[in-house]
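The structure appears below as structure tokens.
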Amino acid sequence: MNSKIIANGILRAIGILVGIFLLGYFLYTIQSVIIYIIIAAILSLIARPVVFFLRKKLKFPNTLAVVFSMMLMLGLFTGLILMFIPLVAEQGKSLSLLEVDKLEQNVEHIVAQITAYFSSKGIDVFGEIKNFDFLSQFQEIPNFLNYILGTLGSLSVGLFSILFISFFFMKDSHLLKNGVMTIIPNGTETRFSKSLETINDLLSRYFIGLIFQISILFVLYTIILLIFGINNAVVIAFLCALLNLIPYVGPMIGAVIMFILSMTSNIGQDFQTEILPTTIYVMIGYLIAQLIDNFGSQPIIFSKTTKSHPLEIFLIIIIGGLLFGVIGMITAVPLYTALKVILKEFLSDNKIVKSITKDI
């Protein structure tokens, strides 16, 4: 091996490393665009059965079916946002029932104690406040307002981008597939095409299954809250049901939210005879609903939509959470489902692959 071959090998390795670095930097720079594409792809998979129904059963033109489906999703999204306005107003009303005068006296007493403490240490608190340069702090207000406007602008651009990409993904169901096929090695296009069709079908069923799961929990939570006369039962039930999209962590957050909102909805009543018993009964009902979901609806829905065993799903979610946190828990099942389909297509003779993909 002469020096020229060694030099070429070193240069090739350096070139590969530089290429990987530039690719990583490029992907990091356009990460927001990648997120838009992923969200748009998920929305198109969810809307896929609706578009097919409108086209096949009601004989809608393709473009009209897509537009109608998008308007339906936008209407649902807008309705969900408007649902939370009464909840916020109700919580503000509940907080207004607090004894404001007593709260003010407590605050004044605390301020007096703080002042006395620092005075005993030779520190004039009010003198320090007078010497504080408030003008320099007010100069930060324009920056804060610019940050808010920038955030709103980014959200608007993001929403428009997602809707725009979703429209074309729904209108041309092969658009995403054709984009993936352009980077597939020659000779494997047919097998990858078959895998993508199966993945689209399974993921579409999976996301629809998630909607069914959330709907079942929403109904159960609503019944529980209505039985015990909790205000804004529908909104609270929907919020807690929606949190179940985050496996295992979401239900715990939902329990805390339901506990707090159940107590605040009864502010003004006796704590021992009204607030505490009602909250306990609501939380017992919440626990029963979670048990029904964990051991009933969730295993059935997930096993039917992803063709995976419930224990398999459980382990995959746990592994995803350990590796990538909450994001890993949310994306573990769809990514694992896609991986299973690809493995079955390309490694169908492997013993392990046969075992985990026998139902696909």
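Chain labels A, B, ... are given in the sequence in which chains occur in the structure tokens; within each chain residues are numbered consecutively from 1, and ligands are likewise numbered from 1 in the order shown.
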
With segment 187-210 of chain A as the partner and 8 Å as the cut-off, tabulate the residues of segment 2-95 of chain A that qualify, each row holding the nearest pair of atoms and their distance in Å to one decimal, using only C-alpha atoms, sorted by chain and rising number, as a tab-separated table.
```
residue	atom	partner	partner_atom	distance
A:Ile42	CA	A:Phe207	CA	7.9
A:Leu45	CA	A:Ser204	CA	4.8
A:Ile46	CA	A:Ser204	CA	5.6
A:Arg48	CA	A:Ser204	CA	7.2
A:Pro49	CA	A:Ser204	CA	7.9
```

Original post:
Of the residues A:Ser215, A:Val66, A:Ile162, A:Ile352, which is the one nearest to Phe238 of chain A, using only C-alpha atoms?
Top reply: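 Going through A:Ser215, A:Val66, A:Ile162, A:Ile352 one by one, the smallest distance to Phe238 of chain A is for A:Ser215.
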
**OP:** List every residue of segment 203-338 of chain A that DSSP, applied to the backbone, labels as alpha helix (DSSP H), and write the result as a PyMOL selection string.
**Re:** chain A and resi 203-227+233-242+249-264+276-292+298-306+310-338

Resulting file, chosen residues, C-alpha atoms, as an mmCIF file, in the first residue's frame:
```
data_model
loop_
_atom_site.group_PDB
_atom_site.id
_atom_site.type_symbol
_atom_site.label_atom_id
_atom_site.label_comp_id
_atom_site.auth_asym_id
_atom_site.auth_seq_id
_atom_site.Cartn_x
_atom_site.Cartn_y
_atom_site.Cartn_z
ATOM 1 C CA LEU A 203 -50.677 4.153 10.559
ATOM 2 C CA SER A 204 -53.981 5.505 9.281
ATOM 3 C CA ARG A 205 -55.781 2.851 11.322
ATOM 4 C CA TYR A 206 -53.516 3.574 14.301
ATOM 5 C CA PHE A 207 -54.268 7.305 14.383
ATOM 6 C CA ILE A 208 -57.984 6.646 13.944
ATOM 7 C CA GLY A 209 -57.681 4.132 16.782
ATOM 8 C CA LEU A 210 -56.176 6.890 18.941
ATOM 9 C CA ILE A 211 -59.203 9.045 18.185
ATOM 10 C CA PHE A 212 -61.497 6.195 19.274
ATOM 11 C CA GLN A 213 -59.479 5.753 22.473
ATOM 12 C CA ILE A 214 -59.688 9.468 23.304
ATOM 13 C CA SER A 215 -63.413 9.466 22.483
ATOM 14 C CA ILE A 216 -64.103 6.569 24.868
ATOM 15 C CA LEU A 217 -62.196 8.288 27.678
ATOM 16 C CA PHE A 218 -63.936 11.572 26.903
ATOM 17 C CA VAL A 219 -67.348 9.948 27.295
ATOM 18 C CA LEU A 220 -66.344 8.215 30.543
ATOM 19 C CA TYR A 221 -64.850 11.367 32.059
ATOM 20 C CA THR A 222 -67.856 13.453 31.031
ATOM 21 C CA ILE A 223 -70.277 11.002 32.664
ATOM 22 C CA ILE A 224 -68.243 11.007 35.886
ATOM 23 C CA LEU A 225 -68.014 14.796 36.081
ATOM 24 C CA LEU A 226 -71.686 15.303 35.245
ATOM 25 C CA ILE A 227 -72.759 12.817 37.926
ATOM 26 C CA ALA A 233 -67.573 18.919 32.674
ATOM 27 C CA VAL A 234 -67.287 18.529 28.896
ATOM 28 C CA VAL A 235 -64.227 20.794 28.581
ATOM 29 C CA ILE A 236 -62.415 19.245 31.556
ATOM 30 C CA ALA A 237 -63.180 15.746 30.276
ATOM 31 C CA PHE A 238 -61.854 16.559 26.822
ATOM 32 C CA LEU A 239 -58.656 18.125 28.173
ATOM 33 C CA CYS A 240 -57.915 15.128 30.420
ATOM 34 C CA ALA A 241 -58.771 12.668 27.626
ATOM 35 C CA LEU A 242 -56.497 14.508 25.186
ATOM 36 C CA VAL A 249 -47.321 10.366 31.769
ATOM 37 C CA GLY A 250 -50.420 12.006 30.254
ATOM 38 C CA PRO A 251 -52.943 10.224 32.525
ATOM 39 C CA MET A 252 -51.008 11.346 35.619
ATOM 40 C CA ILE A 253 -51.039 14.963 34.437
ATOM 41 C CA GLY A 254 -54.748 14.583 33.654
ATOM 42 C CA ALA A 255 -55.382 13.293 37.179
ATOM 43 C CA VAL A 256 -53.737 16.383 38.690
ATOM 44 C CA ILE A 257 -55.726 18.707 36.418
ATOM 45 C CA MET A 258 -59.014 16.963 37.172
ATOM 46 C CA PHE A 259 -58.242 17.034 40.907
ATOM 47 C CA ILE A 260 -57.549 20.785 40.887
ATOM 48 C CA LEU A 261 -60.466 21.737 38.637
ATOM 49 C CA SER A 262 -62.876 19.558 40.623
ATOM 50 C CA MET A 263 -61.918 21.407 43.806
ATOM 51 C CA THR A 264 -61.968 24.902 42.307
ATOM 52 C CA LEU A 276 -63.304 17.011 49.660
ATOM 53 C CA PRO A 277 -65.869 14.161 49.291
ATOM 54 C CA THR A 278 -66.844 15.257 45.771
ATOM 55 C CA THR A 279 -63.206 15.458 44.678
ATOM 56 C CA ILE A 280 -62.457 12.012 46.123
ATOM 57 C CA TYR A 281 -65.435 10.461 44.311
ATOM 58 C CA VAL A 282 -64.394 12.135 41.041
ATOM 59 C CA MET A 283 -60.844 10.783 41.377
ATOM 60 C CA ILE A 284 -62.192 7.270 42.093
ATOM 61 C CA GLY A 285 -64.236 7.538 38.895
ATOM 62 C CA TYR A 286 -61.143 8.780 37.043
ATOM 63 C CA LEU A 287 -59.190 5.751 38.272
ATOM 64 C CA ILE A 288 -61.959 3.382 37.135
ATOM 65 C CA ALA A 289 -62.000 5.036 33.684
ATOM 66 C CA GLN A 290 -58.219 4.631 33.420
ATOM 67 C CA LEU A 291 -58.450 0.952 34.365
ATOM 68 C CA ILE A 292 -61.102 0.440 31.671
ATOM 69 C CA GLN A 298 -56.487 0.489 24.669
ATOM 70 C CA PRO A 299 -55.129 -3.076 24.207
ATOM 71 C CA ILE A 300 -57.995 -3.990 21.870
ATOM 72 C CA ILE A 301 -57.677 -0.850 19.741
ATOM 73 C CA PHE A 302 -53.871 -0.915 19.520
ATOM 74 C CA SER A 303 -53.637 -4.628 18.806
ATOM 75 C CA LYS A 304 -56.231 -4.341 16.028
ATOM 76 C CA THR A 305 -54.758 -1.232 14.408
ATOM 77 C CA THR A 306 -51.019 -1.968 14.653
ATOM 78 C CA PRO A 310 -50.386 -5.400 23.962
ATOM 79 C CA LEU A 311 -47.246 -6.458 25.866
ATOM 80 C CA GLU A 312 -45.196 -5.649 22.768
ATOM 81 C CA ILE A 313 -46.761 -2.164 22.638
ATOM 82 C CA PHE A 314 -46.093 -1.632 26.357
ATOM 83 C CA LEU A 315 -42.403 -2.532 26.065
ATOM 84 C CA ILE A 316 -41.892 -0.400 22.958
ATOM 85 C CA ILE A 317 -43.430 2.660 24.641
ATOM 86 C CA ILE A 318 -41.262 2.187 27.737
ATOM 87 C CA ILE A 319 -38.100 1.801 25.618
ATOM 88 C CA GLY A 320 -39.012 4.882 23.561
ATOM 89 C CA GLY A 321 -39.516 6.884 26.762
ATOM 90 C CA LEU A 322 -36.187 5.789 28.220
ATOM 91 C CA LEU A 323 -34.336 6.699 25.017
ATOM 92 C CA PHE A 324 -36.033 9.923 23.930
ATOM 93 C CA GLY A 325 -38.349 11.008 26.753
ATOM 94 C CA VAL A 326 -41.942 12.073 26.127
ATOM 95 C CA ILE A 327 -41.410 12.492 22.379
ATOM 96 C CA GLY A 328 -40.103 8.927 22.231
ATOM 97 C CA MET A 329 -43.175 7.620 24.069
ATOM 98 C CA ILE A 330 -45.528 9.370 21.646
ATOM 99 C CA THR A 331 -43.717 8.291 18.464
ATOM 100 C CA ALA A 332 -42.643 4.797 19.596
ATOM 101 C CA VAL A 333 -45.680 2.883 18.322
ATOM 102 C CA PRO A 334 -45.939 4.404 14.798
ATOM 103 C CA LEU A 335 -42.168 4.167 14.253
ATOM 104 C CA TYR A 336 -42.104 0.577 15.488
ATOM 105 C CA THR A 337 -45.035 -0.295 13.233
ATOM 106 C CA ALA A 338 -43.258 1.160 10.192
#
```

**OP:** Give me the residues within 12 Å of Leu159 of chain A as a list of chain:residue names, counting only C-alpha atoms and dropping any in the same chain fewer than 5 places off.
**Re:**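 So, after excluding close chain neighbours, the residues are A:Ser32, A:Val33, A:Ile35, A:Tyr36, A:Ile37, A:Ile39, A:Ala40, A:Leu74, A:Phe77, A:Leu152, A:Gly153, A:Ser154, A:Phe164, A:Ile165, A:Ser166.
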
Subject >> Leu72 of chain A surroundings by only C-alpha atoms, 10 Å radius, close-in-sequence under 6 positions cut, as a list in words >> reply: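 Counting only C-alpha atoms, the residues come to Ala47, Val50, Val66 and Thr78 of chain A.
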
Original post:
Using only C-alpha atoms, which of A:Phe160, A:Phe228, A:Phe346, A:Phe167 sits nearest Ala65 of chain A?
Top reply: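 Nearest to Ala65 of chain A: A:Phe167.
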
**OP:** Take atom CA of Val51 of chain A and atom CA of Ser69 of chain A and report the distance between them in Å, one decimal.
**Re:**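 Taking atom CA of Val51 of chain A and atom CA of Ser69 of chain A, their separation equals 6.5 Å.
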
Original post:
By how many Å are atom CA of Phe52 of chain A and atom CA of Met70 of chain A apart?
Top reply: 13.3 Å
